[in-house]
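Comments concern the structure below.
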Amino acid sequence: MVSLTIDGKQVSVPAETTILDAAREVGISIPTLCWLQKVSPTGACRICAVKIKGIDRPMTACNTPVKEGIVVKTQSAELTTIRKQIMELILVNHPLDCPVCDAGGECDLQNTCYELGVNRQEFKAEDVNPETIDHWPLIQQVPNRCVMCEKCVKVCHEVVGADSLSVNDKGDRAFIDKDLDSCIFCGNCVSACPTGTMISKPFKFKARPWALRKVPSVCTQCGSHCQIDLNVQGDEVFRVTSDDEGTTNNGNLCTGGFFAHGYINSPQRLKEPLVDQQPASWDDALTQAASAIEQARNTMGAESVAGLSSARLTNEENYLFQKLFRAAIGSNNIDSEARYGALRALKALDDVLGLHGASNLISGIAGAEAVLVFGADPTAEAPAVDWQIQQATRKGTGKLVVANMRQIQLKKFANSFLNYLPGSEIQLANALCRLLIDKGLVDEDYLNLSVGNLNELKQHLAGIDLQNAVEATGLSLFQLEEAAQYIGQAATVALIFGADITKSAQGEKKAAAIANLAILTGALRGESGGLFPLDEKGNMQGLLDMGVYPEGLPGYLNYADNAGTFGKTWNVELPNGGLDADGILQGMESGKIKVLYLAATNPLSYPNASRWQKALEKVDCLIVQDILPTELTSIAKIVLPGTSFAEKSGSVTSLDHRVRQLENAIRPVGDSREDWDILADLYARITKTPLSLGRADILSEVSALTSLYGDMCFVGDDRNRPCLKQPFRPASKSFTYCAVDGNDCLEGLQLLSGKSIFHFGTTTTWSPSQRELAADACVEINPFDATAAGLKDGAAAKFSSLSGTALATIRVSTAVPQGVLFAPYHFCGANSIQSLLRDGSNRTEVTVTKA
């Protein structure tokens, strides 16, 4: 520790602490303009000038480290004069446009001028600032307002890792410029800007900051659940912000969090119920829905009714959805799109590890000595995970291994990049496991303590042929050995996998192979690192927690074994069996499913969308509960307008098991109703009894019936009342190694469907900002494949598979290898990308021709 004196106060701080941080420790405020706690200091503005005894010139407190015994003075007449002169120099040629500047009222430059008493301009200079930069999407740059603090550049480089912003030119002609090709339009530069230089175009001239009401909430665009403030006026969300202090995301947001909220107040929002495509009252619509369900139940049995729910609903809403079907309707035909992704991972992790999601908080990634990103694109799927990876491997000394079919954003930071062949994930995971054993990079004591079938583990891995793995993956033995060394030599490992694994045809087997790898790397022990399955949908963890799938009940209890207990609590006899999404699809095709209830989900975004479309047209009564019009609302018998996350209350669960509360920021749009209210009303109509269970009672009932939540839940008074579910504490020898082999390699040109960095689910395709960045499903194609098909960048192309056809624009890119195409799945409809896919798979063989 280093001891020093600041303004007469003694303070002891660690070596390398800056004078500014030391002063903050004892409550001494030093004015700053360019300083930002989450990035390295720049020392550009010099407003934080202080005097150190024995040194003639002033020193900048933000980047001057403490030294033993120094005496620092932060306030004096001399320092006040110096700071005022510095500020006057900064203000040279700064425009006096505060009344029309969007930063007015929350401008650090205004505040600092006021604090320092700067009320006149003593200096003049030629104005050589460039013109306003207005050609960037979503963000406007006004150079003559810039004070060259470089906060935006630092955040872009050090936190986001995009390296899109840089200082162009020099001296008084310098300005902040942007490389549009590398920008991911996260908006963090706008948030960091202390003036009105970086401006959000969607927010520009829309409202004054002091007129907005900030409602604390949770971003549900992905499973990271960043803590945000919805800035509202009246019943409109004007912008989304996040505080650096007191939030788990440190104020950082991605493009989804910062810009994508436009769908909330979209003019296309569903505002009133429809029956037979005609406006109807809520009473009429719900009476018709209940009647259709009762008629099907009475004539064909309750098994003729099915429902699909969504990760867009809250925990309470999903709990009520499954209770509505099981207890009120008497049907266990319930499922969701998790069937084709997240549920596969859950089953594999449960079988191998007894784990129901991530094993640690995502903050545990930052302390890992090695990070393996396997079949995932965290920058797109869960940006907050990306930031933690960079914290570990860029700011920290951790090693990064990226294994992917494509070149993703994180590849540029990777110590090892394993660009494996599609479908070879199991061979790759097995090869890494074998190498960890062969090279003595596993902790034998840990394996003996944690694995119940260690002999089977060693026997299976002894049979792995590394040469076969080399041929299957397309990687060299050196690459495999190097990656194994990086993860094997680390004391703490974070292992992250995503949609390329879980949404593939053999997703469950691949997830099991990765779970095996987690055992051998020791990723499941200690406070740092962990195993993290990613799913981009906001409340996917909560949906699975609530048991919205036929084989499970809330709390991951087996349905067949525990239906009696739940039935007793609910005073009903629960139905036997139940259809999953595949069974529901087949039931619609065969005519056995007469009524289908879609709660905030669109099956046309599922694999083989063309098959789903044909099946949905056969249903006698299609009930769609959603917030925006789709192809399905146009054919639905009954349309029930629900609400977005900004219009409802309830809890959601992040990918790392944090449970947080949503609060109503605005009233429901038009005559729409909260999804809970719709489900509760329908429940009462079917049972002929008002629902006695309120939202506040749901988690209590879940706690009484399951071990999902601990005593620690909802006891704090922190922002949004967060809590943690029961932490993962594996028992001795509770891990069961799963011997998996095989591949799902395809022949010829292959199309991979996945997540765009600019869109989240299907709702953001209704956000003007996100459509400005990605207006449609643009297919990435390697230059060699484009030439072979006679296509140029930007050309329209026709894609054909055994399942269907699709039309899309191509983008020639070296990010995809020869033989692989990549397309985002977000844009639903006839001839969409999803119509090309095989059942339950994110990858298929295609042919490409000119459109």
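Every chain in the structure tokens has a letter given in the order shown (A, B, ...), and although residue numbers restart at 1 in each chain, ligands are simply numbered from 1 in the order shown.
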- DSSP strand (DSSP E) residues within region 571-782 of chain A, listed as a PyMOL selection string: chain A and resi 595-599+621-626+638-641+650-653+658-662+723-724+750-754+779-781
- Item | Neighbour list for Ala777 (chain A) as a list in words, cut-off 10 Å, only C-alpha atoms, skip fewer than 4 positions in-chain | Ser756, Leu807, Ala808, Thr809, Ile810, Phe822, Ala823, Pro824, Tyr825, His826, Phe827, Cys828, Ser832 and Ile833 of chain A
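Counting only C-alpha atoms, the residue from A:His157, A:Lys688, A:His460, A:Lys637 that sits nearest to Ala513 (chain A) is A:His460.
Taking only C-alpha atoms, the non-local environment of region 357-364 of chain A within 7 Å (same-chain residues fewer than 4 positions away omitted) comprises Leu346, Val385, Gln388, Leu524, Glu527, Ser528, Gly529, Gly530, Leu531, Phe532, Pro533, Leu655, Asp656 and Phe728 of chain A.
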Got time to write the residues from that selection, N, CA, C and O atoms, as an mmCIF file, in the first residue's frame?
```
data_model
loop_
_atom_site.group_PDB
_atom_site.id
_atom_site.type_symbol
_atom_site.label_atom_id
_atom_site.label_comp_id
_atom_site.auth_asym_id
_atom_site.auth_seq_id
_atom_site.Cartn_x
_atom_site.Cartn_y
_atom_site.Cartn_z
ATOM 1 N N LEU A 346 -30.069 -27.918 -22.444
ATOM 2 C CA LEU A 346 -30.487 -28.184 -21.070
ATOM 3 C C LEU A 346 -30.499 -29.682 -20.771
ATOM 4 O O LEU A 346 -30.017 -30.121 -19.726
ATOM 5 N N VAL A 385 -21.680 -11.005 -22.673
ATOM 6 C CA VAL A 385 -20.723 -12.103 -22.542
ATOM 7 C C VAL A 385 -19.459 -11.769 -23.330
ATOM 8 O O VAL A 385 -18.333 -12.023 -22.877
ATOM 9 N N GLN A 388 -17.268 -9.538 -21.310
ATOM 10 C CA GLN A 388 -16.563 -10.255 -20.245
ATOM 11 C C GLN A 388 -15.400 -11.060 -20.811
ATOM 12 O O GLN A 388 -14.344 -11.180 -20.171
ATOM 13 N N LEU A 524 -15.906 -26.096 -14.225
ATOM 14 C CA LEU A 524 -17.038 -26.079 -13.301
ATOM 15 C C LEU A 524 -16.638 -25.895 -11.844
ATOM 16 O O LEU A 524 -17.453 -26.060 -10.940
ATOM 17 N N GLU A 527 -14.458 -19.806 -8.417
ATOM 18 C CA GLU A 527 -15.288 -18.606 -8.570
ATOM 19 C C GLU A 527 -15.199 -18.024 -9.970
ATOM 20 O O GLU A 527 -16.108 -17.334 -10.413
ATOM 21 N N SER A 528 -14.100 -18.279 -10.667
ATOM 22 C CA SER A 528 -13.926 -17.743 -12.019
ATOM 23 C C SER A 528 -14.183 -18.826 -13.048
ATOM 24 O O SER A 528 -14.091 -20.017 -12.757
ATOM 25 N N GLY A 529 -14.459 -18.378 -14.278
ATOM 26 C CA GLY A 529 -14.755 -19.326 -15.350
ATOM 27 C C GLY A 529 -16.163 -19.861 -15.238
ATOM 28 O O GLY A 529 -17.053 -19.260 -14.636
ATOM 29 N N GLY A 530 -16.387 -21.031 -15.851
ATOM 30 C CA GLY A 530 -17.704 -21.638 -15.823
ATOM 31 C C GLY A 530 -18.115 -22.136 -17.193
ATOM 32 O O GLY A 530 -17.387 -21.990 -18.183
ATOM 33 N N LEU A 531 -19.287 -22.727 -17.250
ATOM 34 C CA LEU A 531 -19.866 -23.240 -18.492
ATOM 35 C C LEU A 531 -21.100 -22.407 -18.798
ATOM 36 O O LEU A 531 -21.983 -22.265 -17.948
ATOM 37 N N PHE A 532 -21.173 -21.891 -20.040
ATOM 38 C CA PHE A 532 -22.222 -20.941 -20.384
ATOM 39 C C PHE A 532 -22.865 -21.293 -21.725
ATOM 40 O O PHE A 532 -22.298 -20.995 -22.776
ATOM 41 N N PRO A 533 -24.035 -21.928 -21.704
ATOM 42 C CA PRO A 533 -24.793 -22.107 -22.949
ATOM 43 C C PRO A 533 -25.529 -20.808 -23.274
ATOM 44 O O PRO A 533 -26.199 -20.235 -22.406
ATOM 45 N N LEU A 655 -29.471 -15.434 -18.456
ATOM 46 C CA LEU A 655 -28.784 -16.680 -18.780
ATOM 47 C C LEU A 655 -27.911 -17.171 -17.636
ATOM 48 O O LEU A 655 -27.589 -18.365 -17.559
ATOM 49 N N ASP A 656 -27.536 -16.266 -16.718
ATOM 50 C CA ASP A 656 -26.743 -16.690 -15.561
ATOM 51 C C ASP A 656 -27.577 -16.680 -14.278
ATOM 52 O O ASP A 656 -27.054 -16.526 -13.173
ATOM 53 N N PHE A 728 -25.007 -23.253 -8.475
ATOM 54 C CA PHE A 728 -24.638 -24.610 -8.860
ATOM 55 C C PHE A 728 -23.586 -25.149 -7.905
ATOM 56 O O PHE A 728 -22.479 -24.629 -7.811
#
```
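Compared by their closest atoms to Gln818 (chain A), and using only C-alpha atoms, the residues A:Met405, A:Cys107, A:Val470, A:Ala512 rank with A:Met405 nearest.
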- Query: Near Asn608 (chain A), counting only C-alpha atoms, which residues have an atom at most 6 Å away, once you skip same-chain residues fewer than 2 positions from it, shown as number ranges by chain?
  - Reply: A: 610-611, 834-835, 837-839
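What separates CA of Gly577 (chain A) from CA of Phe321 (chain A) is a distance of 17.5 Å.
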- Message: Env of Pro41 (chain A): 12 Å cut, atoms = only C-alpha atoms, seq-sep filter 2 positions within chain, self excluded. Answer as a ChimeraX atom specification.
- Response: /A:17-21,32-39,43-46,48,60-65,149-151,153-155,158
Residues at most 9 Å from Asp7 (chain A), counting only C-alpha atoms, excluding those fewer than 2 positions away in the same chain, as a PDB file with N, CA and C atoms, in the first residue's frame?
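File produced: around_5.pdb:
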```
ATOM      1  N   THR A   5      -0.999  12.231   1.278  1.00  0.00           N
ATOM      2  CA  THR A   5      -1.893  13.209   1.889  1.00  0.00           C
ATOM      3  C   THR A   5      -2.547  14.023   0.782  1.00  0.00           C
ATOM      4  N   LYS A   9      -5.860  15.215   4.165  1.00  0.00           N
ATOM      5  CA  LYS A   9      -6.398  13.922   4.566  1.00  0.00           C
ATOM      6  C   LYS A   9      -5.414  12.810   4.221  1.00  0.00           C
ATOM      7  N   GLN A  10      -5.161  11.950   5.183  1.00  0.00           N
ATOM      8  CA  GLN A  10      -4.288  10.809   4.961  1.00  0.00           C
ATOM      9  C   GLN A  10      -5.077   9.694   4.270  1.00  0.00           C
ATOM     10  N   ALA A  23      -8.193  10.284  -4.302  1.00  0.00           N
ATOM     11  CA  ALA A  23      -9.008  11.375  -3.769  1.00  0.00           C
ATOM     12  C   ALA A  23     -10.464  10.934  -3.596  1.00  0.00           C
ATOM     13  N   ILE A  28     -13.008  13.311  -1.790  1.00  0.00           N
ATOM     14  CA  ILE A  28     -12.569  14.584  -2.360  1.00  0.00           C
ATOM     15  C   ILE A  28     -12.871  14.581  -3.852  1.00  0.00           C
ATOM     16  N   VAL A  71       2.380  14.949  -1.028  1.00  0.00           N
ATOM     17  CA  VAL A  71       1.335  15.819  -0.494  1.00  0.00           C
ATOM     18  C   VAL A  71       0.667  16.517  -1.671  1.00  0.00           C
ATOM     19  N   VAL A  72      -0.646  16.285  -1.793  1.00  0.00           N
ATOM     20  CA  VAL A  72      -1.393  16.779  -2.957  1.00  0.00           C
ATOM     21  C   VAL A  72      -2.391  17.838  -2.521  1.00  0.00           C
ATOM     22  N   LYS A  73      -2.462  18.904  -3.310  1.00  0.00           N
ATOM     23  CA  LYS A  73      -3.467  19.938  -3.083  1.00  0.00           C
ATOM     24  C   LYS A  73      -4.369  19.979  -4.314  1.00  0.00           C
ATOM     25  N   THR A  74      -5.686  19.863  -4.075  1.00  0.00           N
ATOM     26  CA  THR A  74      -6.630  19.842  -5.203  1.00  0.00           C
ATOM     27  C   THR A  74      -7.371  21.160  -5.371  1.00  0.00           C
ATOM     28  N   GLN A  75      -7.315  22.047  -4.388  1.00  0.00           N
ATOM     29  CA  GLN A  75      -8.044  23.297  -4.475  1.00  0.00           C
ATOM     30  C   GLN A  75      -7.142  24.453  -4.055  1.00  0.00           C
TER      31      GLN A  75
END
```
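Residues of region 371-401 of chain A carrying a DSSP assignment of helix (DSSP H, G or I), computed from the backbone, are Pro378, Thr379, Ala380, Glu381, Pro383, Ala384, Val385, Asp386, Trp387, Gln388, Ile389, Gln390, Gln391, Ala392, Thr393, Arg394 and Lys395 of chain A.
Among the candidate residues A:Ala484, A:Ile593, A:Ile176, A:Ala77, the one lying nearest to Thr299 (chain A) is A:Ile593, with distances computed using only C-alpha atoms.
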- Message: Residues within 7 Å of Met588 (chain A), please, as a ChimeraX atom specification. Count only C-alpha atoms; anything in the same chain fewer than 4 positions from it doesn't count.
- Response: /A:584,592-593,615-616,618-619
Against region 133-144 of chain A, which residues of region 178-277 of chain A fall within 6 Å? For each one I want the closest pair of atoms and the distance in Å (one decimal), counting only C-alpha atoms, rows by chain and increasing residue number, as JSON lines.
```
{"residue": "A:Thr197", "atom": "CA", "partner": "A:Val142", "partner_atom": "CA", "distance": 4.7}
{"residue": "A:Met198", "atom": "CA", "partner": "A:Gln141", "partner_atom": "CA", "distance": 4.9}
{"residue": "A:Ile199", "atom": "CA", "partner": "A:Gln140", "partner_atom": "CA", "distance": 5.1}
{"residue": "A:Ser200", "atom": "CA", "partner": "A:Ile139", "partner_atom": "CA", "distance": 4.9}
{"residue": "A:Lys201", "atom": "CA", "partner": "A:Leu138", "partner_atom": "CA", "distance": 5.1}
```
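Interatomic distance, CA of Ser841 (chain A) to CA of Ala382 (chain A): 21.0 Å.
Nearest-residue note for Tyr606 (chain A): choosing from A:Phe325, A:Phe185, A:Trp210, A:Tyr340, the minimum distance belongs to A:Tyr340, counting only C-alpha atoms.
Each of A:Thr112, A:Gln227, A:Asn842, A:Ser336 was checked against Leu585 (chain A) using only C-alpha atoms; the smallest atom-to-atom distance is that of A:Ser336.
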Considering only C-alpha atoms, give me a table of residues in region 84-188 of chain A that are at most 9 Å from region 246-253 of chain A, with the closest atom pair and distance in Å for each, as a tab-separated table.
```
residue	atom	partner	partner_atom	distance
A:Val159	CA	A:Asn252	CA	8.3
A:Val160	CA	A:Asn252	CA	8.5
A:Cys186	CA	A:Leu253	CA	6.3
A:Gly187	CA	A:Leu253	CA	7.1
A:Asn188	CA	A:Asn252	CA	6.3
```
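Minimum atom-to-atom distance to Lys439 (chain A), evaluated using only C-alpha atoms, belongs to A:Ile487 out of A:Ile487, A:Ala684, A:Leu410, A:Ile6.
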